[in-house]
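A.B. asks: You'll find target_9.cif just under this line, and it carries mmCIF, C-alpha atoms.
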```
data_my_file
#
loop_
_atom_site.label_atom_id
_atom_site.label_comp_id
_atom_site.auth_asym_id
_atom_site.auth_seq_id
_atom_site.Cartn_x
_atom_site.Cartn_y
_atom_site.Cartn_z
CA MET A 227 -25.52 172.65 160.60
CA VAL A 228 -25.50 174.22 164.07
CA PRO A 229 -21.99 174.29 165.58
CA SER A 230 -21.48 172.46 168.85
CA PRO A 231 -21.20 174.65 171.95
CA ASP A 232 -17.83 172.99 172.54
CA THR A 233 -16.49 174.09 169.16
CA ILE A 234 -13.37 176.19 169.61
CA HIS A 235 -12.85 179.40 167.64
CA PRO A 236 -9.19 180.24 168.38
CA LEU A 237 -9.30 183.96 167.54
CA LYS A 238 -12.28 184.48 169.84
CA ASP A 239 -11.75 181.93 172.58
CA VAL A 240 -8.04 182.55 173.18
CA TRP A 241 -8.91 185.76 175.03
CA LEU A 242 -10.57 183.89 177.91
CA ARG A 243 -9.88 180.17 177.31
CA PRO A 244 -6.26 180.04 176.21
CA ARG A 245 -5.50 176.56 177.55
CA ARG A 246 -8.35 174.99 175.60
CA VAL A 247 -7.30 176.81 172.43
CA PHE A 248 -3.67 175.74 172.68
CA ARG A 249 -4.69 172.13 173.31
CA GLU A 250 -6.78 172.23 170.14
CA LEU A 251 -3.95 173.78 168.13
CA ALA A 252 -1.25 171.44 169.46
CA THR A 253 -1.32 169.11 166.45
CA SER A 254 -1.84 171.83 163.84
CA PRO A 255 1.12 173.03 161.75
CA ILE A 256 2.10 176.69 161.70
CA GLY A 257 -0.38 178.32 159.33
CA ILE A 258 -1.13 181.60 157.61
CA THR A 259 -3.10 182.87 160.62
CA ASP A 260 -0.05 182.39 162.85
CA TYR A 261 2.11 184.40 160.46
CA LEU A 262 -0.51 187.14 160.09
CA LEU A 263 -0.82 187.48 163.87
CA ALA A 264 2.95 187.53 164.32
CA GLY A 265 3.26 190.16 161.59
CA ALA A 266 0.50 192.30 163.10
CA GLN A 267 2.26 192.15 166.47
CA GLY A 268 5.43 193.33 164.76
CA VAL A 269 3.61 196.34 163.26
CA ALA A 270 1.95 197.26 166.57
CA THR A 271 5.19 196.92 168.50
CA SER A 272 7.05 199.01 165.92
CA ILE A 273 4.53 201.83 166.26
CA ALA A 274 4.77 201.73 170.05
CA LEU A 275 8.58 201.81 169.94
CA TYR A 276 8.63 204.67 167.45
CA ARG A 277 6.23 206.64 169.61
CA SER A 278 8.29 206.18 172.76
CA GLN A 279 11.74 206.72 171.22
CA LEU A 280 11.23 209.25 168.44
CA ALA A 281 8.79 211.69 170.01
CA ALA A 282 11.22 214.60 169.84
CA THR A 283 12.51 214.04 166.28
CA HIS A 284 11.30 215.41 162.96
CA ILE A 285 9.80 212.11 161.79
CA SER A 286 6.10 212.32 160.91
CA ALA A 287 3.24 209.99 161.80
CA GLY A 288 2.98 208.98 158.14
CA GLU A 289 6.64 207.97 158.08
CA ILE A 290 6.19 205.97 161.28
CA PHE A 291 3.22 204.09 159.83
CA SER A 292 4.93 203.40 156.52
CA SER A 293 8.11 202.16 158.25
CA SER A 294 6.11 200.01 160.65
CA ILE A 295 4.03 198.47 157.86
CA MET A 296 7.13 197.86 155.73
CA PHE A 297 9.43 196.34 158.34
CA GLY A 298 7.08 195.36 161.19
CA PRO A 299 5.63 192.16 159.68
CA VAL A 300 9.06 190.72 158.87
CA GLY A 301 10.38 191.65 162.30
CA GLY A 302 7.29 190.20 163.97
CA VAL A 303 7.56 186.83 162.21
CA LEU A 304 11.33 186.54 162.70
CA SER A 305 11.14 187.52 166.38
CA THR A 306 8.32 185.04 166.95
CA LEU A 307 10.41 182.29 165.38
CA LEU A 308 13.36 183.29 167.56
CA PHE A 309 11.26 183.29 170.73
CA ALA A 310 9.66 179.97 169.75
CA PHE A 311 13.11 178.42 169.48
CA ILE A 312 14.28 179.97 172.77
CA TYR A 313 11.17 178.95 174.72
CA GLY A 314 11.25 175.47 173.23
CA ARG A 315 14.82 174.95 174.40
CA LEU A 316 14.18 176.47 177.82
CA GLY A 317 11.00 174.45 178.23
CA LYS A 318 12.86 171.20 177.65
CA ARG A 319 15.47 172.19 180.22
CA ALA A 320 12.64 172.95 182.64
CA GLY A 321 11.31 169.42 182.22
CA GLY A 322 8.59 170.18 179.67
CA THR A 323 7.96 168.84 176.19
CA SER A 324 6.78 170.81 173.18
CA ALA A 325 7.25 171.17 169.44
CA LEU A 326 8.15 174.35 167.56
CA ASN A 327 4.66 174.66 166.06
CA GLN A 328 3.08 174.52 169.53
CA VAL A 329 5.27 177.30 170.90
CA PHE A 330 4.67 179.38 167.78
CA HIS A 331 0.91 178.99 168.26
CA VAL A 332 1.25 180.21 171.85
CA LEU A 333 3.23 183.28 170.85
CA ALA A 334 1.09 184.13 167.82
CA TYR A 335 -2.37 183.57 169.27
CA GLY A 336 -1.31 184.59 172.78
CA GLY A 337 -0.13 187.90 171.33
CA LEU A 338 -3.56 188.61 169.83
CA PRO A 339 -4.24 191.49 172.29
CA VAL A 340 -1.06 193.23 171.06
CA ALA A 341 -2.09 192.65 167.44
CA ALA A 342 -5.53 194.06 168.25
CA SER A 343 -3.89 197.22 169.56
CA LEU A 344 -3.56 198.26 165.90
CA LEU A 345 -7.26 199.09 166.14
CA LEU A 346 -6.44 201.20 169.19
CA TRP A 347 -3.87 203.22 167.23
CA GLY A 348 -6.34 203.64 164.38
CA PHE A 349 -9.26 204.84 166.50
CA THR A 350 -7.03 207.17 168.52
CA GLY A 351 -5.70 208.65 165.30
CA LEU A 352 -9.27 209.39 164.17
CA PHE A 353 -9.87 211.41 167.34
CA ILE A 354 -6.63 213.36 167.76
CA GLY A 355 -4.73 212.91 164.49
CA GLU A 356 -0.93 212.78 164.53
CA ALA A 357 -0.89 213.42 168.29
CA ALA A 358 -1.79 209.72 168.65
CA ILE A 359 1.71 208.89 167.41
CA ILE A 360 3.80 212.05 167.77
CA GLU A 361 3.91 213.59 171.23
CA THR A 362 6.27 216.55 171.33
CA PRO A 363 7.72 217.13 174.83
CA GLY A 364 7.09 220.56 176.29
CA VAL A 365 4.19 221.40 174.00
CA ALA A 366 0.99 222.05 175.88
CA GLU A 367 -1.95 220.06 174.53
CA ASP A 368 -5.63 220.67 175.21
CA GLY A 369 -7.35 218.58 177.84
CA PHE A 370 -9.12 216.28 175.40
CA VAL A 371 -5.90 215.36 173.57
CA SER A 372 -4.09 214.71 176.84
CA PHE A 373 -6.95 212.55 178.08
CA VAL A 374 -7.02 210.45 174.88
CA GLN A 375 -3.22 210.03 174.96
CA ARG A 376 -3.30 208.79 178.55
CA ALA A 377 -6.23 206.47 177.85
CA GLN A 378 -4.40 205.14 174.82
CA PHE A 379 -1.27 204.44 176.86
CA LEU A 380 -3.22 202.66 179.62
CA ALA A 381 -5.12 200.58 177.05
CA TRP A 382 -1.83 199.61 175.34
CA VAL A 383 -0.29 198.52 178.65
CA PHE A 384 -3.43 196.52 179.50
CA LEU A 385 -3.37 194.71 176.13
CA LEU A 386 0.36 194.05 176.46
CA LEU A 387 -0.07 192.55 179.93
CA TRP A 388 -3.02 190.49 178.71
CA SER A 389 -0.80 189.04 175.98
CA VAL A 390 1.87 188.20 178.55
CA VAL A 391 -0.69 186.37 180.71
CA LEU A 392 -2.04 184.41 177.73
CA GLN A 393 1.44 183.42 176.60
CA ILE A 394 2.50 182.29 180.07
CA MET A 395 -0.66 180.22 180.43
CA GLY A 396 -0.03 178.81 176.96
CA LEU A 397 3.54 177.85 177.82
CA SER A 398 2.29 176.18 180.98
CA GLU A 399 -0.21 174.17 178.95
CA ILE A 400 2.01 172.99 176.10
CA LEU A 401 5.08 172.36 178.26
CA GLY A 402 3.05 170.57 180.90
CA VAL A 403 4.55 172.60 183.75
CA LEU A 404 3.15 174.73 186.56
CA VAL A 405 2.36 178.38 185.86
CA ARG A 406 5.21 179.60 188.06
CA LYS A 407 7.71 177.52 186.11
CA ALA A 408 6.20 178.77 182.83
CA PHE A 409 6.57 182.33 184.15
CA ALA A 410 10.25 181.69 184.88
CA VAL A 411 10.73 180.29 181.37
CA TYR A 412 9.00 183.34 179.90
CA VAL A 413 11.10 185.85 181.84
CA LEU A 414 14.37 184.03 181.10
CA GLY A 415 13.45 183.85 177.42
CA GLN A 416 12.82 187.60 177.34
CA VAL A 417 16.20 188.27 178.94
CA LEU A 418 18.04 185.97 176.52
CA ALA A 419 16.30 187.57 173.52
CA LEU A 420 17.17 191.04 174.81
CA LEU A 421 20.82 190.07 175.19
CA ALA A 422 20.82 188.54 171.70
CA ALA A 423 19.30 191.73 170.24
CA LEU A 424 21.84 193.88 172.08
CA PHE A 425 24.73 191.75 170.83
CA LEU A 426 23.37 191.87 167.27
CA SER A 427 22.98 195.67 167.45
CA ILE A 428 26.56 196.08 168.64
CA LEU A 429 27.82 193.73 165.93
CA ILE A 430 25.94 195.61 163.21
CA ALA A 431 27.18 198.96 164.56
CA LEU A 432 30.78 197.72 164.44
CA LEU A 433 30.58 196.09 161.02
CA PHE A 434 28.34 198.66 159.34
CA PRO A 435 28.77 202.09 160.99
CA GLY A 436 25.87 204.43 160.36
CA VAL A 437 23.36 201.72 159.50
CA LEU A 438 21.52 201.89 162.82
CA PRO A 439 19.76 205.20 163.62
CA ALA A 440 21.18 207.33 166.41
CA VAL A 441 19.37 207.16 169.71
CA PRO A 442 17.24 210.32 170.12
CA HIS A 443 18.21 212.65 172.97
#
```
Written as structure tokens, how would this file's structure read?
C.D. replies:
Amino acid sequence: MVPSPDTIHPLKDVWLRPRRVFRELATSPIGITDYLLAGAQGVATSIALYRSQLAATHISAGEIFSSSIMFGPVGGVLSTLLFAFIYGRLGKRAGGTSALNQVFHVLAYGGLPVAASLLLWGFTGLFIGEAAIIETPGVAEDGFVSFVQRAQFLAWVFLLLWSVVLQIMGLSEILGVLVRKAFAVYVLGQVLALLAALFLSILIALLFPGVLPAVPH
């Protein structure tokens, strides 16, 4: 049976037709694909954070990958659930209507470019090895390594911004609000989540000293 040209394939079409994808997914419950995408985003984000914060420490690329694979999926799913709750509440205050599953779809499928950045880390690692993850300040690298590192960074930023655009368009679609109002909801949600994470970090540091790693200098 030949598929209809109007058939939607969410993993492929969300890149360029996010509104149509999120309309199709609106009545679908949160499924395994949503959780896998959220988990992959958690792994990719963990690698990016390790690379930016721990460049000058003794941690190896293997340790970064193992830590990201171990804790990234759980962090990705939990953070997606948190953001889904925050955006759902903010969307209602902004005059929109949505269910938790709809917001989760937007965050999971809209974050597909970030999840796909795992391929970027993998391919970059094949070319330049540990330098794809560990960049020691003050150490002169050859021109090829420097070029690949810069290209990798620009590609990561591009994929991150693409995810932001897809998620804002998705929020606009499921909440039934204009893009500018969806953008305001997105930004406010990011700020609230950042404040919640900061408060949680301070609480953990006070209750369990030494649990959180020291910030690298």
A.B. asks: Find the residues of range 253-346 of chain A that sit at most 6 Å from range 394-416 of chain A; for each, write down the nearest two atoms and how far apart they are in Å, to one decimal. Count all atoms listed in the file. Sort by chain, then by number going up, and give it as a Markdown table.
C.D. replies:
```
| residue | atom | partner | partner_atom | distance |
| --- | --- | --- | --- | --- |
| A:Gly322 | CA | A:Leu401 | CA | 4.4 |
| A:Thr323 | CA | A:Leu401 | CA | 5.0 |
| A:Ser324 | CA | A:Leu401 | CA | 5.6 |
| A:Val332 | CA | A:Gly396 | CA | 5.5 |
```
A.B. asks: Would you please work out which residue, of A:Phe330, A:Phe353, A:Phe297, A:Phe311, is nearest to Ser372 in chain A when using all atoms listed in the file?
C.D. replies: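 Comparing A:Phe330, A:Phe353, A:Phe297, A:Phe311 against Ser372 in chain A, the winner is A:Phe353.
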A.B. asks: One number please: CA of Trp382 in chain A to CA of Gln328 in chain A, in Å, one decimal.
C.D. replies: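 For CA of Trp382 in chain A relative to CA of Gln328 in chain A, the distance reads 26.2 Å.
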A.B. asks: One decimal, Å: what's the distance from CA of Leu421 in chain A over to CA of Ala274 in chain A, could you say?
C.D. replies: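 Taking CA of Leu421 in chain A as the start and CA of Ala274 in chain A as the end point, the length is 20.5 Å.
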A.B. asks: Write out, as a Markdown table, each residue of range 289-377 of chain A that has an atom at most 9 Å from range 236-260 of chain A, together with the closest pair of atoms and their distance in Å to one decimal, counting only C-alpha atoms, rows going by chain and rising number.
C.D. replies:
```
| residue | atom | partner | partner_atom | distance |
| --- | --- | --- | --- | --- |
| A:Val303 | CA | A:Asp260 | CA | 8.8 |
| A:Ser324 | CA | A:Ala252 | CA | 8.9 |
| A:Ala325 | CA | A:Ala252 | CA | 8.5 |
| A:Leu326 | CA | A:Ile256 | CA | 8.7 |
| A:Asn327 | CA | A:Ile256 | CA | 5.4 |
| A:Gln328 | CA | A:Ala252 | CA | 5.3 |
| A:Val329 | CA | A:Ala252 | CA | 8.9 |
| A:Phe330 | CA | A:Ile256 | CA | 7.1 |
| A:His331 | CA | A:Asp260 | CA | 6.5 |
| A:Val332 | CA | A:Phe248 | CA | 6.7 |
| A:Leu333 | CA | A:Asp260 | CA | 8.7 |
| A:Ala334 | CA | A:Asp260 | CA | 5.4 |
| A:Tyr335 | CA | A:Asp260 | CA | 6.9 |
| A:Gly336 | CA | A:Val240 | CA | 7.0 |
| A:Leu338 | CA | A:Leu237 | CA | 7.7 |
| A:Pro339 | CA | A:Trp241 | CA | 7.9 |
```
A.B. asks: In Å, with one decimal, what is the gap from CA of Ala423 in chain A to CA of Thr306 in chain A?
C.D. replies: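 CA of Thr306 in chain A lies 13.3 Å from CA of Ala423 in chain A.
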A.B. asks: Skipping near chain neighbours, those fewer than 3 positions away, what residues fall within 9 Å of Ala342 in chain A using all atoms listed in the file, listed as a list in words?
C.D. replies: Ala266, Gln267, Ala270, Gly337, Leu338, Pro339, Leu345, Leu346 and Leu385 of chain A
A.B. asks: Should you be able to, write range 228-344 of chain A of this structure into a file that contains C-alpha atoms, as a PDB file, in the first residue's frame.
C.D. replies:
```
ATOM      1  CA  VAL A 228       1.479   3.337  -1.092  1.00  0.00           C
ATOM      2  CA  PRO A 229       1.398   5.915   1.732  1.00  0.00           C
ATOM      3  CA  SER A 230      -0.531   9.103   1.099  1.00  0.00           C
ATOM      4  CA  PRO A 231       1.565  12.199   0.388  1.00  0.00           C
ATOM      5  CA  ASP A 232      -0.217  13.803   3.337  1.00  0.00           C
ATOM      6  CA  THR A 233       0.931  11.089   5.744  1.00  0.00           C
ATOM      7  CA  ILE A 234       2.918  12.607   8.582  1.00  0.00           C
ATOM      8  CA  HIS A 235       6.162  11.031   9.787  1.00  0.00           C
ATOM      9  CA  PRO A 236       6.871  12.965  13.012  1.00  0.00           C
ATOM     10  CA  LEU A 237      10.611  12.261  13.270  1.00  0.00           C
ATOM     11  CA  LYS A 238      11.168  13.470   9.708  1.00  0.00           C
ATOM     12  CA  ASP A 239       8.533  16.146   9.256  1.00  0.00           C
ATOM     13  CA  VAL A 240       9.012  17.950  12.575  1.00  0.00           C
ATOM     14  CA  TRP A 241      12.202  19.525  11.210  1.00  0.00           C
ATOM     15  CA  LEU A 242      10.310  21.630   8.659  1.00  0.00           C
ATOM     16  CA  ARG A 243       6.592  21.159   9.427  1.00  0.00           C
ATOM     17  CA  PRO A 244       6.373  21.306  13.207  1.00  0.00           C
ATOM     18  CA  ARG A 245       2.841  22.701  13.406  1.00  0.00           C
ATOM     19  CA  ARG A 246       1.406  19.865  11.328  1.00  0.00           C
ATOM     20  CA  VAL A 247       3.282  17.286  13.395  1.00  0.00           C
ATOM     21  CA  PHE A 248       2.086  18.669  16.718  1.00  0.00           C
ATOM     22  CA  ARG A 249      -1.502  18.812  15.472  1.00  0.00           C
ATOM     23  CA  GLU A 250      -1.260  15.134  14.542  1.00  0.00           C
ATOM     24  CA  LEU A 251       0.261  14.217  17.913  1.00  0.00           C
ATOM     25  CA  ALA A 252      -2.199  16.277  19.971  1.00  0.00           C
ATOM     26  CA  THR A 253      -4.451  13.328  20.850  1.00  0.00           C
ATOM     27  CA  SER A 254      -1.645  10.794  21.274  1.00  0.00           C
ATOM     28  CA  PRO A 255      -0.484   9.831  24.779  1.00  0.00           C
ATOM     29  CA  ILE A 256       3.141  10.232  25.800  1.00  0.00           C
ATOM     30  CA  GLY A 257       4.908   7.236  24.273  1.00  0.00           C
ATOM     31  CA  ILE A 258       8.252   5.482  24.202  1.00  0.00           C
ATOM     32  CA  THR A 259       9.511   7.728  21.375  1.00  0.00           C
ATOM     33  CA  ASP A 260       8.871  10.813  23.509  1.00  0.00           C
ATOM     34  CA  TYR A 261      10.877   9.331  26.379  1.00  0.00           C
ATOM     35  CA  LEU A 262      13.705   8.222  24.089  1.00  0.00           C
ATOM     36  CA  LEU A 263      13.954  11.702  22.554  1.00  0.00           C
ATOM     37  CA  ALA A 264      13.878  13.360  25.971  1.00  0.00           C
ATOM     38  CA  GLY A 265      16.566  10.982  27.219  1.00  0.00           C
ATOM     39  CA  ALA A 266      18.755  11.574  24.155  1.00  0.00           C
ATOM     40  CA  GLN A 267      18.460  15.325  24.711  1.00  0.00           C
ATOM     41  CA  GLY A 268      19.588  14.789  28.286  1.00  0.00           C
ATOM     42  CA  VAL A 269      22.686  12.886  27.127  1.00  0.00           C
ATOM     43  CA  ALA A 270      23.572  15.497  24.488  1.00  0.00           C
ATOM     44  CA  THR A 271      23.079  18.376  26.908  1.00  0.00           C
ATOM     45  CA  SER A 272      25.183  16.616  29.559  1.00  0.00           C
ATOM     46  CA  ILE A 273      28.071  16.211  27.121  1.00  0.00           C
ATOM     47  CA  ALA A 274      27.858  19.863  26.104  1.00  0.00           C
ATOM     48  CA  LEU A 275      27.824  21.012  29.742  1.00  0.00           C
ATOM     49  CA  TYR A 276      30.748  18.775  30.667  1.00  0.00           C
ATOM     50  CA  ARG A 277      32.732  20.095  27.726  1.00  0.00           C
ATOM     51  CA  SER A 278      32.130  23.732  28.634  1.00  0.00           C
ATOM     52  CA  GLN A 279      32.601  23.426  32.404  1.00  0.00           C
ATOM     53  CA  LEU A 280      35.217  20.727  32.888  1.00  0.00           C
ATOM     54  CA  ALA A 281      37.683  21.491  30.122  1.00  0.00           C
ATOM     55  CA  ALA A 282      40.522  22.225  32.537  1.00  0.00           C
ATOM     56  CA  THR A 283      40.019  19.270  34.913  1.00  0.00           C
ATOM     57  CA  HIS A 284      41.508  15.790  34.889  1.00  0.00           C
ATOM     58  CA  ILE A 285      38.288  14.078  33.783  1.00  0.00           C
ATOM     59  CA  SER A 286      38.638  12.039  30.587  1.00  0.00           C
ATOM     60  CA  ALA A 287      36.380  11.863  27.545  1.00  0.00           C
ATOM     61  CA  GLY A 288      35.467   8.284  28.485  1.00  0.00           C
ATOM     62  CA  GLU A 289      34.343   9.394  31.938  1.00  0.00           C
ATOM     63  CA  ILE A 290      32.282  12.192  30.415  1.00  0.00           C
ATOM     64  CA  PHE A 291      30.531   9.793  28.042  1.00  0.00           C
ATOM     65  CA  SER A 292      29.878   7.199  30.738  1.00  0.00           C
ATOM     66  CA  SER A 293      28.496   9.834  33.148  1.00  0.00           C
ATOM     67  CA  SER A 294      26.344  11.369  30.424  1.00  0.00           C
ATOM     68  CA  ILE A 295      24.943   8.004  29.345  1.00  0.00           C
ATOM     69  CA  MET A 296      24.295   6.988  32.954  1.00  0.00           C
ATOM     70  CA  PHE A 297      22.628  10.149  34.238  1.00  0.00           C
ATOM     71  CA  GLY A 298      21.657  12.035  31.057  1.00  0.00           C
ATOM     72  CA  PRO A 299      18.545  10.026  30.122  1.00  0.00           C
ATOM     73  CA  VAL A 300      17.018  10.331  33.593  1.00  0.00           C
ATOM     74  CA  GLY A 301      17.819  14.035  33.732  1.00  0.00           C
ATOM     75  CA  GLY A 302      16.414  14.544  30.235  1.00  0.00           C
ATOM     76  CA  VAL A 303      13.089  12.863  31.004  1.00  0.00           C
ATOM     77  CA  LEU A 304      12.669  14.552  34.390  1.00  0.00           C
ATOM     78  CA  SER A 305      13.562  17.994  33.026  1.00  0.00           C
ATOM     79  CA  THR A 306      11.157  17.521  30.124  1.00  0.00           C
ATOM     80  CA  LEU A 307       8.379  16.628  32.557  1.00  0.00           C
ATOM     81  CA  LEU A 308       9.236  19.692  34.641  1.00  0.00           C
ATOM     82  CA  PHE A 309       9.210  21.989  31.621  1.00  0.00           C
ATOM     83  CA  ALA A 310       5.976  20.425  30.359  1.00  0.00           C
ATOM     84  CA  PHE A 311       4.319  21.247  33.676  1.00  0.00           C
ATOM     85  CA  ILE A 312       5.746  24.791  33.727  1.00  0.00           C
ATOM     86  CA  TYR A 313       4.781  25.581  30.132  1.00  0.00           C
ATOM     87  CA  GLY A 314       1.338  24.072  30.620  1.00  0.00           C
ATOM     88  CA  ARG A 315       0.671  26.338  33.598  1.00  0.00           C
ATOM     89  CA  LEU A 316       2.129  29.410  31.902  1.00  0.00           C
ATOM     90  CA  GLY A 317       0.200  28.680  28.726  1.00  0.00           C
ATOM     91  CA  LYS A 318      -3.095  28.632  30.601  1.00  0.00           C
ATOM     92  CA  ARG A 319      -2.250  31.948  32.243  1.00  0.00           C
ATOM     93  CA  ALA A 320      -1.473  33.332  28.784  1.00  0.00           C
ATOM     94  CA  GLY A 321      -4.939  32.372  27.596  1.00  0.00           C
ATOM     95  CA  GLY A 322      -4.035  29.104  25.877  1.00  0.00           C
ATOM     96  CA  THR A 323      -5.260  25.568  26.406  1.00  0.00           C
ATOM     97  CA  SER A 324      -3.178  22.399  26.316  1.00  0.00           C
ATOM     98  CA  ALA A 325      -2.732  19.036  28.001  1.00  0.00           C
ATOM     99  CA  LEU A 326       0.465  17.666  29.534  1.00  0.00           C
ATOM    100  CA  ASN A 327       0.922  15.119  26.741  1.00  0.00           C
ATOM    101  CA  GLN A 328       0.740  17.876  24.104  1.00  0.00           C
ATOM    102  CA  VAL A 329       3.414  19.985  25.784  1.00  0.00           C
ATOM    103  CA  PHE A 330       5.587  16.906  26.286  1.00  0.00           C
ATOM    104  CA  HIS A 331       5.304  16.117  22.563  1.00  0.00           C
ATOM    105  CA  VAL A 332       6.421  19.661  21.738  1.00  0.00           C
ATOM    106  CA  LEU A 333       9.454  19.468  24.000  1.00  0.00           C
ATOM    107  CA  ALA A 334      10.446  15.940  22.994  1.00  0.00           C
ATOM    108  CA  TYR A 335       9.957  16.157  19.229  1.00  0.00           C
ATOM    109  CA  GLY A 336      10.853  19.856  19.106  1.00  0.00           C
ATOM    110  CA  GLY A 337      14.158  18.984  20.767  1.00  0.00           C
ATOM    111  CA  LEU A 338      15.023  16.470  18.035  1.00  0.00           C
ATOM    112  CA  PRO A 339      17.855  18.667  16.647  1.00  0.00           C
ATOM    113  CA  VAL A 340      19.520  18.610  20.090  1.00  0.00           C
ATOM    114  CA  ALA A 341      19.067  14.831  20.290  1.00  0.00           C
ATOM    115  CA  ALA A 342      20.562  14.524  16.804  1.00  0.00           C
ATOM    116  CA  SER A 343      23.643  16.405  17.995  1.00  0.00           C
ATOM    117  CA  LEU A 344      24.761  13.090  19.533  1.00  0.00           C
TER     118      LEU A 344
END
```
